[in-house]
>>> print(open('structure33.csv').read())   # CSV, C-alpha atoms and all ligand atoms
chain,number,residue,atom,x,y,z
A,83,MET,CA,-135.1,-90.1,-115.0
A,84,ASP,CA,-131.7,-91.1,-116.5
A,85,VAL,CA,-129.0,-92.7,-114.3
A,86,ASP,CA,-126.8,-89.6,-114.4
A,87,SER,CA,-129.6,-87.4,-112.9
A,88,GLN,CA,-130.5,-90.1,-110.3
A,89,VAL,CA,-126.9,-90.4,-109.1
A,90,ARG,CA,-126.5,-86.6,-108.8
A,91,LEU,CA,-129.7,-86.3,-106.8
A,92,ALA,CA,-128.7,-89.2,-104.6
A,93,ALA,CA,-125.3,-87.5,-104.1
A,94,PHE,CA,-127.0,-84.2,-103.0
A,95,ALA,CA,-129.2,-86.1,-100.5
A,96,PHE,CA,-126.1,-87.9,-99.2
A,97,LEU,CA,-124.3,-84.6,-98.7
A,98,GLU,CA,-127.3,-83.0,-97.0
A,99,GLN,CA,-127.4,-85.8,-94.5
A,100,GLN,CA,-123.7,-86.0,-93.9
A,101,THR,CA,-123.2,-82.3,-93.5
A,102,ARG,CA,-126.0,-82.2,-90.9
A,103,LEU,CA,-124.3,-85.1,-89.0
A,104,HIS,CA,-120.8,-83.7,-89.1
A,105,GLY,CA,-121.4,-80.0,-88.6
A,106,GLY,CA,-120.2,-78.3,-91.8
A,107,THR,CA,-117.1,-80.2,-92.8
A,108,LEU,CA,-116.7,-83.7,-94.2
A,109,SER,CA,-113.7,-85.9,-93.9
A,110,TRP,CA,-111.9,-87.5,-96.8
A,111,ASP,CA,-113.0,-90.9,-95.4
A,112,VAL,CA,-116.7,-90.0,-95.5
A,113,LEU,CA,-116.3,-88.6,-99.0
A,114,SER,CA,-114.3,-91.5,-100.4
A,115,ARG,CA,-116.7,-94.1,-99.0
A,116,GLY,CA,-119.6,-92.2,-100.5
A,117,PHE,CA,-122.9,-94.1,-100.9
A,118,HIS,CA,-124.4,-96.9,-103.0
A,119,TYR,CA,-126.5,-96.6,-106.1
A,120,GLU,CA,-128.3,-99.8,-107.0
A,121,GLY,CA,-125.6,-101.8,-105.2
A,122,ARG,CA,-122.7,-100.0,-106.8
A,123,PRO,CA,-120.4,-97.8,-104.8
A,124,VAL,CA,-120.4,-94.1,-105.6
A,125,PRO,CA,-117.4,-92.4,-104.0
A,126,LEU,CA,-117.3,-88.6,-104.2
A,127,VAL,CA,-113.6,-88.1,-104.4
A,128,GLY,CA,-110.6,-89.8,-106.0
A,129,PRO,CA,-107.1,-88.9,-106.9
A,130,PRO,CA,-108.0,-86.4,-109.6
A,131,GLY,CA,-109.6,-83.1,-108.6
A,132,ILE,CA,-112.2,-83.5,-111.4
A,133,PHE,CA,-113.8,-86.7,-110.4
A,134,THR,CA,-116.2,-89.0,-112.2
A,135,PRO,CA,-117.4,-92.1,-110.4
A,136,ALA,CA,-117.6,-95.3,-112.4
A,137,VAL,CA,-121.5,-95.4,-112.5
A,138,ILE,CA,-121.7,-92.2,-114.6
A,139,ARG,CA,-119.9,-90.7,-117.6
A,140,LEU,CA,-119.5,-87.0,-116.7
A,141,PRO,CA,-117.8,-85.5,-113.7
A,142,LEU,CA,-119.7,-85.4,-110.4
A,143,THR,CA,-117.3,-83.4,-108.1
A,144,ILE,CA,-114.5,-80.9,-108.4
A,145,THR,CA,-112.2,-80.7,-105.4
A,146,THR,CA,-109.6,-78.2,-104.3
A,147,ALA,CA,-106.8,-79.6,-102.1
A,148,PRO,CA,-106.4,-78.2,-98.6
A,149,PRO,CA,-103.6,-75.6,-98.1
A,150,VAL,CA,-100.3,-76.9,-96.8
A,151,ARG,CA,-99.0,-75.1,-93.8
A,152,GLY,CA,-96.2,-72.7,-94.6
A,153,LYS,CA,-97.3,-72.4,-98.2
A,154,GLN,CA,-99.4,-69.7,-99.8
A,155,ALA,CA,-103.1,-70.7,-99.5
A,156,PRO,CA,-104.0,-71.9,-103.0
A,157,TYR,CA,-107.5,-70.4,-102.8
A,158,ASP,CA,-106.4,-66.8,-102.3
A,159,ASP,CA,-107.3,-66.1,-106.0
A,160,GLU,CA,-109.9,-68.8,-106.2
A,161,LEU,CA,-112.0,-67.5,-103.3
A,162,ALA,CA,-112.2,-63.8,-103.8
A,163,GLY,CA,-115.3,-61.8,-104.7
A,164,ASP,CA,-118.4,-63.5,-106.0
A,165,VAL,CA,-117.1,-66.1,-108.5
A,166,LEU,CA,-115.4,-69.4,-107.9
A,167,ARG,CA,-112.6,-70.4,-110.3
A,168,TYR,CA,-111.5,-73.9,-110.9
A,169,ARG,CA,-108.3,-74.8,-112.6
A,170,TYR,CA,-108.1,-77.2,-115.5
A,171,ARG,CA,-106.7,-80.6,-115.0
A,172,GLY,CA,-103.1,-80.1,-116.3
A,173,THR,CA,-102.5,-77.8,-119.2
A,174,ASP,CA,-104.3,-79.6,-122.0
A,175,PRO,CA,-107.7,-78.2,-122.6
A,176,ARG,CA,-108.6,-81.4,-124.4
A,177,HIS,CA,-107.9,-83.6,-121.4
A,178,ARG,CA,-110.8,-85.9,-120.8
A,179,ASP,CA,-111.7,-84.3,-117.5
A,180,ASN,CA,-111.6,-80.8,-118.9
A,181,VAL,CA,-113.8,-81.9,-121.8
A,182,GLY,CA,-116.2,-83.5,-119.3
A,183,LEU,CA,-116.5,-80.3,-117.3
A,184,ARG,CA,-117.1,-78.4,-120.5
A,185,GLU,CA,-119.9,-80.8,-121.4
A,186,THR,CA,-121.6,-80.2,-118.0
A,187,MET,CA,-121.4,-76.5,-118.8
A,188,ARG,CA,-123.1,-76.9,-122.2
A,189,ARG,CA,-125.8,-79.2,-120.8
A,190,ARG,CA,-126.2,-77.3,-117.5
A,191,ILE,CA,-125.5,-80.3,-115.3
A,192,PRO,CA,-125.0,-79.6,-111.6
A,193,LEU,CA,-121.9,-80.6,-109.8
A,194,ILE,CA,-120.5,-80.7,-106.3
A,195,TYR,CA,-117.7,-78.4,-105.2
A,196,LEU,CA,-115.4,-79.7,-102.4
A,197,HIS,CA,-113.1,-77.2,-100.9
A,198,GLY,CA,-110.3,-78.5,-98.7
A,199,VAL,CA,-110.1,-76.4,-95.6
A,200,VAL,CA,-107.4,-78.3,-93.6
A,201,LYS,CA,-105.7,-81.6,-94.2
A,202,GLY,CA,-108.3,-84.3,-94.6
A,203,TYR,CA,-111.4,-82.0,-94.3
A,204,TYR,CA,-113.6,-80.5,-96.9
A,205,VAL,CA,-116.6,-78.1,-97.1
A,206,ALA,CA,-119.1,-79.2,-99.8
A,207,ALA,CA,-121.1,-76.8,-101.9
A,208,TRP,CA,-123.9,-78.0,-104.2
A,209,PRO,CA,-125.4,-77.6,-106.7
A,210,VAL,CA,-122.7,-75.7,-108.6
A,211,PHE,CA,-122.5,-75.1,-112.3
A,212,VAL,CA,-119.6,-74.5,-114.7
A,213,VAL,CA,-120.6,-71.2,-116.3
A,214,GLY,CA,-117.4,-70.0,-117.9
A,215,ASP,CA,-114.3,-71.5,-119.6
A,216,ASP,CA,-111.1,-69.6,-120.1
A,217,ALA,CA,-108.7,-71.7,-122.1
A,218,ARG,CA,-106.0,-69.0,-121.9
A,219,ALA,CA,-106.0,-68.9,-118.1
A,220,LEU,CA,-106.7,-72.7,-118.0
A,221,THR,CA,-109.6,-72.1,-115.6
A,222,PHE,CA,-113.3,-72.7,-115.4
A,223,THR,CA,-115.7,-70.2,-113.7
A,224,VAL,CA,-118.1,-71.9,-111.3
A,225,ALA,CA,-121.4,-70.5,-109.9
A,226,VAL,CA,-123.5,-71.8,-107.1
A,227,GLY,CA,-127.1,-72.8,-108.0
A,228,GLN,CA,-130.3,-73.2,-106.1
A,229,ARG,CA,-130.5,-75.9,-103.5
A,230,PRO,CA,-133.9,-77.6,-103.6
A,231,ALA,CA,-135.9,-77.4,-100.4
A,232,ASP,CA,-137.1,-80.9,-100.6
A,233,LEU,CA,-135.1,-83.7,-102.1
A,234,SER,CA,-137.7,-86.4,-101.7
A,235,GLY,CA,-140.2,-85.2,-104.3
A,236,PRO,CA,-139.7,-85.4,-108.1
A,237,GLN,CA,-136.9,-83.2,-109.1
A,238,SER,CA,-135.6,-81.6,-112.2
A,239,LEU,CA,-132.0,-80.8,-112.3
A,240,ALA,CA,-132.8,-77.8,-114.6
A,241,ASP,CA,-134.6,-76.1,-111.7
A,242,MET,CA,-131.4,-75.8,-109.8
A,243,VAL,CA,-129.8,-73.4,-112.2
A,244,LEU,CA,-130.0,-69.7,-111.1
A,245,GLU,CA,-130.8,-67.8,-114.2
A,246,GLY,CA,-130.2,-64.3,-112.9
A,247,GLU,CA,-126.7,-63.0,-112.8
A,248,GLY,CA,-127.4,-61.1,-109.5
A,249,GLU,CA,-128.9,-64.1,-107.8
A,250,ARG,CA,-126.1,-66.3,-108.9
A,251,ARG,CA,-123.4,-63.9,-107.6
A,252,TYR,CA,-125.3,-63.6,-104.3
A,253,ALA,CA,-125.5,-67.4,-103.9
A,254,THR,CA,-121.8,-67.8,-104.8
A,255,ARG,CA,-120.8,-65.0,-102.5
A,256,ALA,CA,-122.7,-66.6,-99.6
A,257,THR,CA,-120.9,-69.9,-100.3
A,258,ILE,CA,-117.5,-68.2,-100.3
A,259,VAL,CA,-118.2,-66.6,-96.9
A,260,ARG,CA,-119.2,-70.1,-95.6
A,261,LEU,CA,-116.0,-71.6,-96.9
A,262,HIS,CA,-113.9,-68.9,-95.2
A,263,GLN,CA,-115.9,-69.5,-91.9
A,264,GLN,CA,-115.4,-73.2,-92.0
A,265,SER,CA,-111.7,-72.8,-92.9
A,266,PHE,CA,-111.2,-70.6,-89.8
A,267,ARG,CA,-113.2,-73.0,-87.6
A,268,MET,CA,-111.1,-76.1,-88.7
A,269,ARG,CA,-107.8,-74.3,-88.4
A,270,VAL,CA,-108.7,-73.2,-84.9
A,271,LEU,CA,-110.0,-76.7,-83.9
A,272,GLN,CA,-106.9,-78.4,-85.2
A,273,ALA,CA,-104.6,-75.9,-83.4
A,274,TYR,CA,-106.5,-76.8,-80.1
A,275,ARG,CA,-106.4,-80.5,-81.0
A,276,GLU,CA,-110.2,-80.6,-81.1
A,277,ARG,CA,-110.8,-79.6,-77.5
A,278,CYS,CA,-112.7,-76.8,-75.9
A,279,ALA,CA,-110.1,-74.5,-74.4
A,280,ILE,CA,-112.1,-74.1,-71.3
A,281,CYS,CA,-113.7,-77.5,-70.5
A,282,ARG,CA,-111.6,-79.7,-72.8
A,283,LEU,CA,-114.7,-81.3,-74.3
A,284,ARG,CA,-113.7,-83.4,-77.2
A,285,HIS,CA,-116.4,-83.6,-79.8
A,286,GLN,CA,-115.7,-81.9,-83.0
A,287,GLU,CA,-119.4,-81.6,-83.9
A,288,LEU,CA,-119.9,-79.6,-80.6
A,289,LEU,CA,-116.9,-77.4,-81.1
A,290,GLU,CA,-116.8,-73.9,-82.6
A,291,ALA,CA,-114.2,-71.2,-83.3
A,292,ALA,CA,-114.8,-68.1,-81.3
A,293,HIS,CA,-113.3,-64.8,-82.4
A,294,ILE,CA,-111.5,-63.0,-79.6
A,295,LEU,CA,-111.9,-59.6,-81.3
A,296,PRO,CA,-115.2,-59.9,-83.1
A,297,ASP,CA,-115.8,-60.2,-86.8
A,298,GLY,CA,-116.2,-56.6,-87.9
A,299,HIS,CA,-113.6,-55.2,-85.4
A,300,PRO,CA,-110.7,-53.7,-87.4
A,301,ARG,CA,-108.4,-56.4,-86.0
A,302,GLY,CA,-111.0,-59.1,-85.8
A,303,ARG,CA,-109.5,-61.2,-88.5
A,304,PRO,CA,-110.1,-65.0,-89.0
A,305,ILE,CA,-106.6,-66.0,-87.9
A,306,VAL,CA,-105.8,-68.7,-85.3
A,307,PRO,CA,-104.2,-66.2,-82.8
A,308,ASN,CA,-107.6,-64.3,-82.8
A,309,GLY,CA,-109.5,-67.6,-82.2
A,310,LEU,CA,-110.4,-69.9,-79.4
A,311,ALA,CA,-111.8,-73.4,-79.8
A,312,LEU,CA,-114.8,-73.5,-77.5
A,313,CYS,CA,-117.8,-75.9,-77.1
A,314,SER,CA,-121.2,-74.4,-78.0
A,315,LEU,CA,-122.0,-73.5,-74.4
A,316,HIS,CA,-118.7,-71.8,-73.7
A,317,HIS,CA,-118.7,-70.0,-77.0
A,318,ALA,CA,-122.1,-68.5,-76.3
A,319,ALA,CA,-121.0,-67.6,-72.7
A,320,PHE,CA,-117.8,-65.9,-74.1
A,321,ASP,CA,-119.7,-64.0,-76.8
A,322,ARG,CA,-122.3,-62.7,-74.4
A,323,ASN,CA,-119.7,-61.8,-71.7
A,324,VAL,CA,-121.1,-64.4,-69.2
A,325,LEU,CA,-117.5,-65.3,-68.9
A,326,GLY,CA,-114.3,-63.6,-69.9
A,327,VAL,CA,-110.7,-64.5,-70.4
A,328,GLY,CA,-107.9,-62.3,-69.1
A,329,PRO,CA,-104.6,-61.8,-70.9
A,330,ASP,CA,-103.1,-64.3,-68.4
A,331,LEU,CA,-105.4,-66.9,-69.9
A,332,LYS,CA,-107.5,-67.1,-66.7
A,333,VAL,CA,-111.2,-67.7,-67.0
A,334,GLU,CA,-113.5,-65.3,-65.1
A,335,VAL,CA,-117.2,-65.9,-64.6
A,336,ARG,CA,-119.3,-62.7,-64.3
A,337,VAL,CA,-119.9,-61.8,-60.7
A,338,ASP,CA,-123.7,-61.9,-60.8
A,339,ILE,CA,-123.6,-65.3,-62.3
A,340,LEU,CA,-121.2,-66.6,-59.7
A,341,ASP,CA,-123.8,-65.7,-57.1
A,342,GLU,CA,-126.7,-67.4,-58.8
A,343,ALA,CA,-128.1,-70.7,-57.8
A,344,ASP,CA,-129.6,-72.6,-60.7
A,345,GLY,CA,-128.8,-76.3,-60.6
A,346,PRO,CA,-126.0,-78.6,-61.7
A,347,MET,CA,-125.5,-77.2,-65.3
A,348,LEU,CA,-124.7,-73.7,-63.9
A,349,VAL,CA,-122.4,-75.2,-61.2
A,350,HIS,CA,-120.5,-77.5,-63.4
A,351,GLY,CA,-120.8,-75.8,-66.8
A,352,LEU,CA,-119.9,-72.2,-65.8
A,353,GLN,CA,-119.2,-71.4,-62.1
A,354,GLY,CA,-116.8,-74.4,-61.8
A,355,PHE,CA,-114.5,-72.8,-64.4
A,356,HIS,CA,-114.0,-69.6,-62.6
A,357,GLY,CA,-110.3,-69.2,-62.1
A,358,ALA,CA,-109.4,-72.0,-64.5
A,359,VAL,CA,-106.6,-71.5,-67.0
A,360,LEU,CA,-107.2,-72.0,-70.8
A,361,THR,CA,-105.7,-75.0,-72.5
A,362,VAL,CA,-103.9,-73.4,-75.5
A,363,PRO,CA,-101.9,-74.8,-78.4
A,364,ARG,CA,-98.4,-75.9,-77.8
A,365,VAL,CA,-97.1,-74.0,-80.8
A,366,GLN,CA,-96.4,-70.5,-79.7
A,367,GLU,CA,-97.5,-68.8,-82.9
A,368,LEU,CA,-100.9,-70.4,-82.7
A,369,ARG,CA,-101.7,-69.3,-79.1
A,370,PRO,CA,-104.1,-66.5,-78.5
A,371,ASN,CA,-102.7,-63.0,-79.0
A,372,ARG,CA,-102.3,-61.3,-75.5
A,373,ASP,CA,-103.2,-57.9,-76.9
A,374,PHE,CA,-106.4,-59.2,-78.4
A,375,LEU,CA,-107.3,-60.9,-75.2
A,376,ALA,CA,-106.6,-57.8,-73.1
A,377,GLU,CA,-108.8,-55.6,-75.4
A,378,ARG,CA,-111.6,-58.2,-75.3
A,379,TYR,CA,-111.2,-58.5,-71.5
A,380,GLU,CA,-111.9,-54.8,-71.1
A,381,LEU,CA,-115.2,-55.3,-72.8
A,382,PHE,CA,-116.0,-58.1,-70.4
A,383,LYS,CA,-115.1,-55.9,-67.5
A,384,LYS,CA,-117.4,-53.2,-68.7
A,385,ALA,CA,-120.3,-55.7,-69.1
A,386,SER,CA,-119.8,-57.0,-65.5
B,401,ZN,ZN,-116.5,-76.0,-73.1
>>> encode(input="structure33.csv", output="structure tokens")
Amino acid sequence: MDVDSQVRLAAFAFLEQQTRLHGGTLSWDVLSRGFHYEGRPVPLVGPPGIFTPAVIRLPLTITTAPPVRGKQAPYDDELAGDVLRYRYRGTDPRHRDNVGLRETMRRRIPLIYLHGVVKGYYVAAWPVFVVGDDARALTFTVAVGQRPADLSGPQSLADMVLEGEGERRYATRATIVRLHQQSFRMRVLQAYRERCAICRLRHQELLEAAHILPDGHPRGRPIVPNGLALCSLHHAAFDRNVLGVGPDLKVEVRVDILDEADGPMLVHGLQGFHGAVLTVPRVQELRPNRDFLAERYELFKKAS
């Protein structure tokens, strides 16, 4: 297998492992450190959005910058529907990086898409393929391919291409949903300074973003005031109405569970937080919306 293919497969394996370790998002540090290929460093990101590490000749990653607070999120147009769009570098279609991406399209070479969700953090999608090139709009169209089940065996990069238009759109759509979920998660986690609002646990990989009004509710949108940063235990307990949070931010544990006797985890993990007050963001506009909490609290009361 040629060096280019070997480096790409090694990069996919690296991402697989790192994503498992870090729970869905990767930091700029992890990505810029990258891995080694035959003793040579292979970073996955660099200053340009279309990035080619020194060991190979064609681009390996395409990166979108995280949105800056207060500015329009740049991916509003890039992340709608079931196709990804990626802007040219600059306005010259013949710029080396744009030419490189076009060559990956022609030769069906898989790439890695890194989507900035909040400052310093990215969600990775791979393999992706450039499938369209619109010189007038200065954008490429990018589709998600097929992730191999096992990276240890012999691989052919050609197997990763999804031939069917329907399959391709489905895979891309699923990736876009995941990008939105991770973006919500990271915005909520940052607002809560990476702590569980109930127990203050401080381990990003064990923290999740709970919806106050659930996904699917007309007002259950993925915005920070409809979110709570919770550890996995408290997220599950909140979702299943084992505990509720009143509009006064007070935690209530369901009556039948308060009366149960079931060892230290129940005592310290759940019963002990009855009556505790949520730790919420300092910035007013990021705090949980009281109306959302009140509506959700009604559901909890009904479940009790
Ligand atoms: Zn917790």
>>> atom_distance(input="structure33.csv", atom1="CA of Val349 (chain A)", atom2="CA of Arg275 (chain A)")
26.0 Å
>>> residues_around(input="structure33.csv", residues="Ala279 (chain A)", least_positions_apart="4", cutoff="7 Å", atoms="only C-alpha atoms", output="PDB file with C-alpha atoms, in the frame of the given file")
ATOM      1  CA  LEU A 310    -110.400 -69.900 -79.400  1.00  0.00           C
ATOM      2  CA  ALA A 311    -111.800 -73.400 -79.800  1.00  0.00           C
ATOM      3  CA  LEU A 312    -114.800 -73.500 -77.500  1.00  0.00           C
ATOM      4  CA  LEU A 360    -107.200 -72.000 -70.800  1.00  0.00           C
ATOM      5  CA  THR A 361    -105.700 -75.000 -72.500  1.00  0.00           C
ATOM      6  CA  VAL A 362    -103.900 -73.400 -75.500  1.00  0.00           C
TER       7      VAL A 362
END
>>> closest_atom_pairs(input="structure33.csv", of="chain A", to="ligand ZN 401 (chain B)", cutoff="12 Å", atoms="all atoms listed in the file", output="tab-separated table")
residue	atom	partner	partner_atom	distance
A:Glu276	CA	B:ZN401	ZN	11.2
A:Arg277	CA	B:ZN401	ZN	8.1
A:Cys278	CA	B:ZN401	ZN	4.8
A:Ala279	CA	B:ZN401	ZN	6.7
A:Ile280	CA	B:ZN401	ZN	5.1
A:Cys281	CA	B:ZN401	ZN	4.1
A:Arg282	CA	B:ZN401	ZN	6.1
A:Leu283	CA	B:ZN401	ZN	5.7
A:Arg284	CA	B:ZN401	ZN	8.9
A:His285	CA	B:ZN401	ZN	10.1
A:Gln286	CA	B:ZN401	ZN	11.6
A:Leu288	CA	B:ZN401	ZN	9.0
A:Leu289	CA	B:ZN401	ZN	8.1
A:Glu290	CA	B:ZN401	ZN	9.7
A:Ala291	CA	B:ZN401	ZN	11.5
A:Ala292	CA	B:ZN401	ZN	11.5
A:Leu310	CA	B:ZN401	ZN	10.7
A:Ala311	CA	B:ZN401	ZN	8.6
A:Leu312	CA	B:ZN401	ZN	5.3
A:Cys313	CA	B:ZN401	ZN	4.2
A:Ser314	CA	B:ZN401	ZN	7.0
A:Leu315	CA	B:ZN401	ZN	6.2
A:His316	CA	B:ZN401	ZN	4.8
A:His317	CA	B:ZN401	ZN	7.5
A:Ala318	CA	B:ZN401	ZN	9.9
A:Ala319	CA	B:ZN401	ZN	9.5
A:Phe320	CA	B:ZN401	ZN	10.2
A:Leu325	CA	B:ZN401	ZN	11.5
A:Val333	CA	B:ZN401	ZN	11.6
A:Met347	CA	B:ZN401	ZN	12.0
A:His350	CA	B:ZN401	ZN	10.6
A:Gly351	CA	B:ZN401	ZN	7.6
A:Leu352	CA	B:ZN401	ZN	8.9
A:Gly354	CA	B:ZN401	ZN	11.4
A:Phe355	CA	B:ZN401	ZN	9.5
A:Ala358	CA	B:ZN401	ZN	11.8
A:Leu360	CA	B:ZN401	ZN	10.4
A:Thr361	CA	B:ZN401	ZN	10.9
>>> atom_distance(input="structure33.csv", atom1="CA of Phe266 (chain A)", atom2="CA of Gly116 (chain A)")
25.5 Å
>>> residues_around(input="structure33.csv", residues="His356 (chain A)", least_positions_apart="5", cutoff="10 Å", atoms="all atoms listed in the file", output="list in words")
Ile280, Leu325, Gly326, Val327, Lys332, Val333, Glu334, Val335, Arg336, Val337 and Leu340 of chain A
>>> atom_distance(input="structure33.csv", atom1="CA of Leu271 (chain A)", atom2="CA of Gln100 (chain A)")
19.3 Å
>>> closest_residue(input="structure33.csv", among="A:Gly121, A:Pro346, A:Pro149, A:Pro363", to="Val137 (chain A)", atoms="only C-alpha atoms")
A:Gly121
>>> closest_residue(input="structure33.csv", among="A:Val210, A:Ala147, A:Met268, A:Ala256", to="Leu244 (chain A)", atoms="all atoms listed in the file")
A:Val210
>>> residues_around(input="structure33.csv", residues="Asp241 (chain A)", least_positions_apart="6", cutoff="12 Å", atoms="all atoms listed in the file", output="ChimeraX atom specification")
/A:190-192,209,227-231
>>> closest_residue(input="structure33.csv", among="A:Thr221, A:Thr186, A:Thr145, A:Ser386", to="Thr173 (chain A)", atoms="all atoms listed in the file")
A:Thr221
>>> closest_residue(input="structure33.csv", among="A:Asn323, A:Pro141, A:Leu375, A:Gln272", to="Val212 (chain A)", atoms="only C-alpha atoms")
A:Pro141
>>> closest_residue(input="structure33.csv", among="A:Arg189, A:Tyr170, A:Val213, A:Val205", to="His104 (chain A)", atoms="all atoms listed in the file")
A:Val205
>>> residues_near_point(input="structure33.csv", point="(-102.5, -74.6, -82.6)", cutoff="9 Å", atoms="all atoms listed in the file", output="list in words")
Arg269, Val270, Leu271, Gln272, Ala273, Tyr274, Arg275, Val306, Pro307, Val362, Pro363, Arg364, Val365, Gln366, Glu367, Leu368 and Arg369 of chain A
>>> closest_residue(input="structure33.csv", among="A:Pro296, A:His177, A:Val359, A:Leu381", to="Val324 (chain A)", atoms="only C-alpha atoms")
A:Leu381
>>> residues_around(input="structure33.csv", residues="Val199 (chain A)", least_positions_apart="4", cutoff="6 Å", atoms="all atoms listed in the file", output="PyMOL selection string")
chain A and resi 148+203-204+265
>>> residues_near_point(input="structure33.csv", point="(-110.5, -77.6, -121.0)", cutoff="8 Å", atoms="only C-alpha atoms", output="PyMOL selection string")
chain A and resi 170-171+174-177+179-181+183-184+215+217+220-222
>>> write_last_selection(input="structure33.csv", atoms="C-alpha atoms", output="mmCIF file, keeping the file's coordinate frame")
data_model
loop_
_atom_site.group_PDB
_atom_site.id
_atom_site.type_symbol
_atom_site.label_atom_id
_atom_site.label_comp_id
_atom_site.auth_asym_id
_atom_site.auth_seq_id
_atom_site.Cartn_x
_atom_site.Cartn_y
_atom_site.Cartn_z
ATOM 1 C CA TYR A 170 -108.100 -77.200 -115.500
ATOM 2 C CA ARG A 171 -106.700 -80.600 -115.000
ATOM 3 C CA ASP A 174 -104.300 -79.600 -122.000
ATOM 4 C CA PRO A 175 -107.700 -78.200 -122.600
ATOM 5 C CA ARG A 176 -108.600 -81.400 -124.400
ATOM 6 C CA HIS A 177 -107.900 -83.600 -121.400
ATOM 7 C CA ASP A 179 -111.700 -84.300 -117.500
ATOM 8 C CA ASN A 180 -111.600 -80.800 -118.900
ATOM 9 C CA VAL A 181 -113.800 -81.900 -121.800
ATOM 10 C CA LEU A 183 -116.500 -80.300 -117.300
ATOM 11 C CA ARG A 184 -117.100 -78.400 -120.500
ATOM 12 C CA ASP A 215 -114.300 -71.500 -119.600
ATOM 13 C CA ALA A 217 -108.700 -71.700 -122.100
ATOM 14 C CA LEU A 220 -106.700 -72.700 -118.000
ATOM 15 C CA THR A 221 -109.600 -72.100 -115.600
ATOM 16 C CA PHE A 222 -113.300 -72.700 -115.400
#
>>> residues_around(input="structure33.csv", residues="Pro129 (chain A)", least_positions_apart="4", cutoff="12 Å", atoms="only C-alpha atoms", output="PDB file with C-alpha atoms, in the coordinates of the input")
ATOM      1  CA  TRP A 110    -111.900 -87.500 -96.800  1.00  0.00           C
ATOM      2  CA  SER A 114    -114.300 -91.500-100.400  1.00  0.00           C
ATOM      3  CA  PRO A 125    -117.400 -92.400-104.000  1.00  0.00           C
ATOM      4  CA  PHE A 133    -113.800 -86.700-110.400  1.00  0.00           C
ATOM      5  CA  THR A 134    -116.200 -89.000-112.200  1.00  0.00           C
ATOM      6  CA  PRO A 135    -117.400 -92.100-110.400  1.00  0.00           C
ATOM      7  CA  THR A 143    -117.300 -83.400-108.100  1.00  0.00           C
ATOM      8  CA  ILE A 144    -114.500 -80.900-108.400  1.00  0.00           C
ATOM      9  CA  THR A 145    -112.200 -80.700-105.400  1.00  0.00           C
ATOM     10  CA  THR A 146    -109.600 -78.200-104.300  1.00  0.00           C
ATOM     11  CA  ALA A 147    -106.800 -79.600-102.100  1.00  0.00           C
ATOM     12  CA  ARG A 171    -106.700 -80.600-115.000  1.00  0.00           C
TER      13      ARG A 171
END
